[in-house]
Amino acid sequence: MNLNRRKSIILVSIVLVLLAIIFAQVARYYHDTYVTKIGYAKTSAHVPKKEKTTDDNGKIIAHSHSYIYKFYFVTKKGERKTLNYELSGENVRPLKENSFVKADISNKRVVRGPYIISKSTIPDNIIHMLK
């Protein structure tokens with residue numbers, strides 16, 4: 001085999017390995033961020049403090065307020081997941097104290113919801129696990 005062909009094979013092999021590594025990282029990020037499970041939680045006994053909403057750089061967003069919640073979710077399989085959630089907007093209202101919520105959650109965030117639900121809609125094996 002000549003030297004140029006050998007170099008080409010090595011280069012192609014390196015590129016393929018790098019592409020496989022990049023693909024694996026992208027797949028992991030996507031799974032952790034966007035693949036969801038249904039989670040159930042209970043809101044706290046006290047409404048969080050109403051705060052001015054800030055962007056990722058700490059700059060205050062005009063006419064917007066936020067309530068920052070810490071939810072202790074339990075999935076249908078009994079897995080526990082603690083996630084922070086910022087409820088924000090111009091005319092935002094806090095979630096009712098001690099209410100039950102349902103949300104689509106990923107490993108990193110609340111993707112959809114939370115929605116207030118009735119206690120009777122929560123599976124029996126989960127209700128006793130909610131804080």
# chains A, B, ... in the order shown; residues from 1 in each chain; ligands from 1
call {"tool": "residues_around", "arguments": {"residues": "segment 64-74 of chain A", "least_positions_apart": "5", "cutoff": "10 Å", "atoms": "only C-alpha atoms", "output": "PyMOL selection string"}}
result
chain A and resi 37-44+47-54+79-95+101-103+105+110+114+126-127+129-131
call {"tool": "closest_atom_pairs", "arguments": {"of": "segment 83-119 of chain A", "to": "segment 14-32 of chain A", "cutoff": "10 Å", "atoms": "only C-alpha atoms", "output": "JSON lines"}}
result
{"residue": "A:Ile105", "atom": "CA", "partner": "A:Asp32", "partner_atom": "CA", "distance": 9.8}
{"residue": "A:Ser106", "atom": "CA", "partner": "A:Asp32", "partner_atom": "CA", "distance": 6.0}
{"residue": "A:Asn107", "atom": "CA", "partner": "A:Asp32", "partner_atom": "CA", "distance": 4.9}
{"residue": "A:Lys108", "atom": "CA", "partner": "A:Asp32", "partner_atom": "CA", "distance": 6.1}
{"residue": "A:Arg109", "atom": "CA", "partner": "A:Asp32", "partner_atom": "CA", "distance": 8.8}
call {"tool": "write_last_selection", "arguments": {"atoms": "C-alpha atoms", "output": "tab-separated table (two decimals), in the first residue's frame"}}
result
chain	number	residue	atom	x	y	z
A	105	ILE	CA	-39.90	17.00	32.74
A	106	SER	CA	-36.50	16.10	31.36
A	107	ASN	CA	-33.31	15.45	33.30
A	108	LYS	CA	-32.51	19.19	33.18
A	109	ARG	CA	-35.76	21.17	33.09
call {"tool": "atom_distance", "arguments": {"atom1": "atom CA of Asn57 of chain A", "atom2": "atom CA of Val111 of chain A"}}
result
21.7 Å
call {"tool": "atom_distance", "arguments": {"atom1": "atom CA of Ala45 of chain A", "atom2": "atom CA of Lys76 of chain A"}}
result
23.6 Å
call {"tool": "select_by_dssp", "arguments": {"residues": "segment 59-125 of chain A", "states": "strand (DSSP E)", "output": "VMD selection string"}}
result
chain A and resid 60 to 75 80 to 89 100 to 105 110 to 117
call {"tool": "select_by_dssp", "arguments": {"residues": "chain A", "states": "helix (DSSP H, G or I)", "output": "tab-separated table (two decimals) with N, CA, C and O atoms, in the first residue's frame"}}
result
chain	number	residue	atom	x	y	z
A	3	LEU	N	2.07	5.22	0.52
A	3	LEU	CA	2.03	6.10	1.67
A	3	LEU	C	0.81	7.02	1.64
A	3	LEU	O	0.17	7.24	2.68
A	4	ASN	N	0.43	7.56	0.47
A	4	ASN	CA	-0.72	8.46	0.38
A	4	ASN	C	-2.03	7.74	0.72
A	4	ASN	O	-2.90	8.30	1.37
A	5	ARG	N	-2.16	6.52	0.27
A	5	ARG	CA	-3.38	5.75	0.58
A	5	ARG	C	-3.48	5.46	2.08
A	5	ARG	O	-4.54	5.55	2.68
A	6	ARG	N	-2.37	5.13	2.69
A	6	ARG	CA	-2.32	4.86	4.12
A	6	ARG	C	-2.69	6.12	4.91
A	6	ARG	O	-3.47	6.05	5.87
A	7	LYS	N	-2.18	7.28	4.51
A	7	LYS	CA	-2.51	8.55	5.17
A	7	LYS	C	-3.99	8.87	5.02
A	7	LYS	O	-4.63	9.35	5.96
A	8	SER	N	-4.54	8.57	3.85
A	8	SER	CA	-5.96	8.83	3.61
A	8	SER	C	-6.83	7.96	4.52
A	8	SER	O	-7.82	8.43	5.09
A	9	ILE	N	-6.46	6.70	4.67
A	9	ILE	CA	-7.22	5.79	5.53
A	9	ILE	C	-7.15	6.25	6.98
A	9	ILE	O	-8.16	6.26	7.70
A	10	ILE	N	-6.00	6.67	7.41
A	10	ILE	CA	-5.84	7.17	8.79
A	10	ILE	C	-6.67	8.43	8.99
A	10	ILE	O	-7.37	8.57	10.00
A	11	LEU	N	-6.62	9.34	8.03
A	11	LEU	CA	-7.38	10.59	8.13
A	11	LEU	C	-8.89	10.31	8.17
A	11	LEU	O	-9.60	10.87	9.02
A	12	VAL	N	-9.36	9.44	7.30
A	12	VAL	CA	-10.79	9.09	7.29
A	12	VAL	C	-11.17	8.44	8.61
A	12	VAL	O	-12.23	8.73	9.17
A	13	SER	N	-10.33	7.58	9.14
A	13	SER	CA	-10.61	6.92	10.42
A	13	SER	C	-10.72	7.94	11.54
A	13	SER	O	-11.62	7.87	12.38
A	14	ILE	N	-9.81	8.89	11.58
A	14	ILE	CA	-9.84	9.94	12.61
A	14	ILE	C	-11.12	10.76	12.49
A	14	ILE	O	-11.79	11.04	13.48
A	15	VAL	N	-11.49	11.14	11.28
A	15	VAL	CA	-12.71	11.92	11.06
A	15	VAL	C	-13.94	11.13	11.52
A	15	VAL	O	-14.83	11.67	12.18
A	16	LEU	N	-13.99	9.85	11.20
A	16	LEU	CA	-15.13	9.03	11.61
A	16	LEU	C	-15.23	8.90	13.14
A	16	LEU	O	-16.32	8.97	13.71
A	17	VAL	N	-14.10	8.74	13.80
A	17	VAL	CA	-14.10	8.67	15.26
A	17	VAL	C	-14.58	10.00	15.86
A	17	VAL	O	-15.39	10.01	16.78
A	18	LEU	N	-14.09	11.10	15.32
A	18	LEU	CA	-14.52	12.41	15.82
A	18	LEU	C	-16.02	12.63	15.60
A	18	LEU	O	-16.71	13.14	16.49
A	19	LEU	N	-16.52	12.23	14.44
A	19	LEU	CA	-17.95	12.35	14.17
A	19	LEU	C	-18.78	11.49	15.14
A	19	LEU	O	-19.83	11.92	15.60
A	20	ALA	N	-18.30	10.30	15.44
A	20	ALA	CA	-18.99	9.43	16.39
A	20	ALA	C	-19.03	10.06	17.78
A	20	ALA	O	-20.06	10.02	18.46
A	21	ILE	N	-17.93	10.66	18.20
A	21	ILE	CA	-17.87	11.32	19.51
A	21	ILE	C	-18.83	12.51	19.54
A	21	ILE	O	-19.59	12.69	20.50
A	22	ILE	N	-18.83	13.33	18.50
A	22	ILE	CA	-19.72	14.48	18.43
A	22	ILE	C	-21.18	14.02	18.44
A	22	ILE	O	-22.01	14.56	19.17
A	23	PHE	N	-21.50	13.00	17.66
A	23	PHE	CA	-22.86	12.48	17.62
A	23	PHE	C	-23.31	12.01	19.01
A	23	PHE	O	-24.43	12.28	19.45
A	24	ALA	N	-22.43	11.29	19.71
A	24	ALA	CA	-22.77	10.79	21.04
A	24	ALA	C	-23.05	11.93	22.01
A	24	ALA	O	-23.99	11.88	22.81
A	25	GLN	N	-22.25	13.00	21.95
A	25	GLN	CA	-22.45	14.15	22.83
A	25	GLN	C	-23.76	14.87	22.52
A	25	GLN	O	-24.49	15.27	23.43
A	26	VAL	N	-24.06	15.04	21.24
A	26	VAL	CA	-25.30	15.70	20.84
A	26	VAL	C	-26.51	14.86	21.27
A	26	VAL	O	-27.49	15.39	21.79
A	27	ALA	N	-26.43	13.56	21.09
A	27	ALA	CA	-27.52	12.68	21.49
A	27	ALA	C	-27.74	12.73	23.00
A	27	ALA	O	-28.89	12.77	23.47
A	28	ARG	N	-26.68	12.75	23.78
A	28	ARG	CA	-26.80	12.84	25.23
A	28	ARG	C	-27.42	14.17	25.65
A	28	ARG	O	-28.30	14.20	26.51
A	29	TYR	N	-26.96	15.27	25.06
A	29	TYR	CA	-27.53	16.58	25.37
A	29	TYR	C	-29.03	16.61	25.04
A	29	TYR	O	-29.85	17.06	25.84
A	30	TYR	N	-29.38	16.11	23.86
A	30	TYR	CA	-30.79	16.10	23.45
A	30	TYR	C	-31.62	15.27	24.43
A	30	TYR	O	-32.69	15.70	24.88
A	31	HIS	N	-31.13	14.09	24.77
A	31	HIS	CA	-31.86	13.23	25.70
A	31	HIS	C	-32.04	13.89	27.06
A	31	HIS	O	-33.13	13.89	27.63
A	32	ASP	N	-30.98	14.45	27.61
A	32	ASP	CA	-31.05	15.07	28.94
A	32	ASP	C	-31.91	16.33	28.97
A	32	ASP	O	-32.47	16.68	30.01
A	33	THR	N	-32.03	17.02	27.83
A	33	THR	CA	-32.72	18.30	27.80
A	33	THR	C	-34.16	18.21	27.29
A	33	THR	O	-35.03	18.92	27.78
A	34	TYR	N	-34.42	17.35	26.33
A	34	TYR	CA	-35.73	17.38	25.67
A	34	TYR	C	-36.57	16.11	25.77
A	34	TYR	O	-37.77	16.16	25.52
A	119	LYS	N	-55.82	15.99	43.09
A	119	LYS	CA	-55.10	14.91	43.78
A	119	LYS	C	-55.58	13.54	43.31
A	119	LYS	O	-54.79	12.60	43.21
A	120	SER	N	-56.84	13.45	42.95
A	120	SER	CA	-57.42	12.16	42.55
A	120	SER	C	-56.88	11.66	41.21
A	120	SER	O	-57.02	10.48	40.89
A	121	THR	N	-56.23	12.53	40.43
A	121	THR	CA	-55.68	12.11	39.14
A	121	THR	C	-54.25	11.57	39.26
A	121	THR	O	-53.70	11.08	38.28
A	124	ASP	N	-51.94	6.18	42.76
A	124	ASP	CA	-51.84	5.89	44.19
A	124	ASP	C	-50.42	5.62	44.66
A	124	ASP	O	-50.04	5.99	45.77
A	125	ASN	N	-49.61	4.97	43.82
A	125	ASN	CA	-48.24	4.65	44.23
A	125	ASN	C	-47.34	5.88	44.29
A	125	ASN	O	-46.25	5.81	44.82
A	126	ILE	N	-47.81	7.00	43.79
A	126	ILE	CA	-47.00	8.22	43.78
A	126	ILE	C	-47.43	9.22	44.84
A	126	ILE	O	-46.61	9.93	45.39
A	127	ILE	N	-48.71	9.27	45.13
A	127	ILE	CA	-49.26	10.32	46.01
A	127	ILE	C	-48.54	10.39	47.36
A	127	ILE	O	-48.27	11.47	47.85
call {"tool": "atom_distance", "arguments": {"atom1": "atom CA of His128 of chain A", "atom2": "atom CA of Val35 of chain A"}}
result
25.8 Å
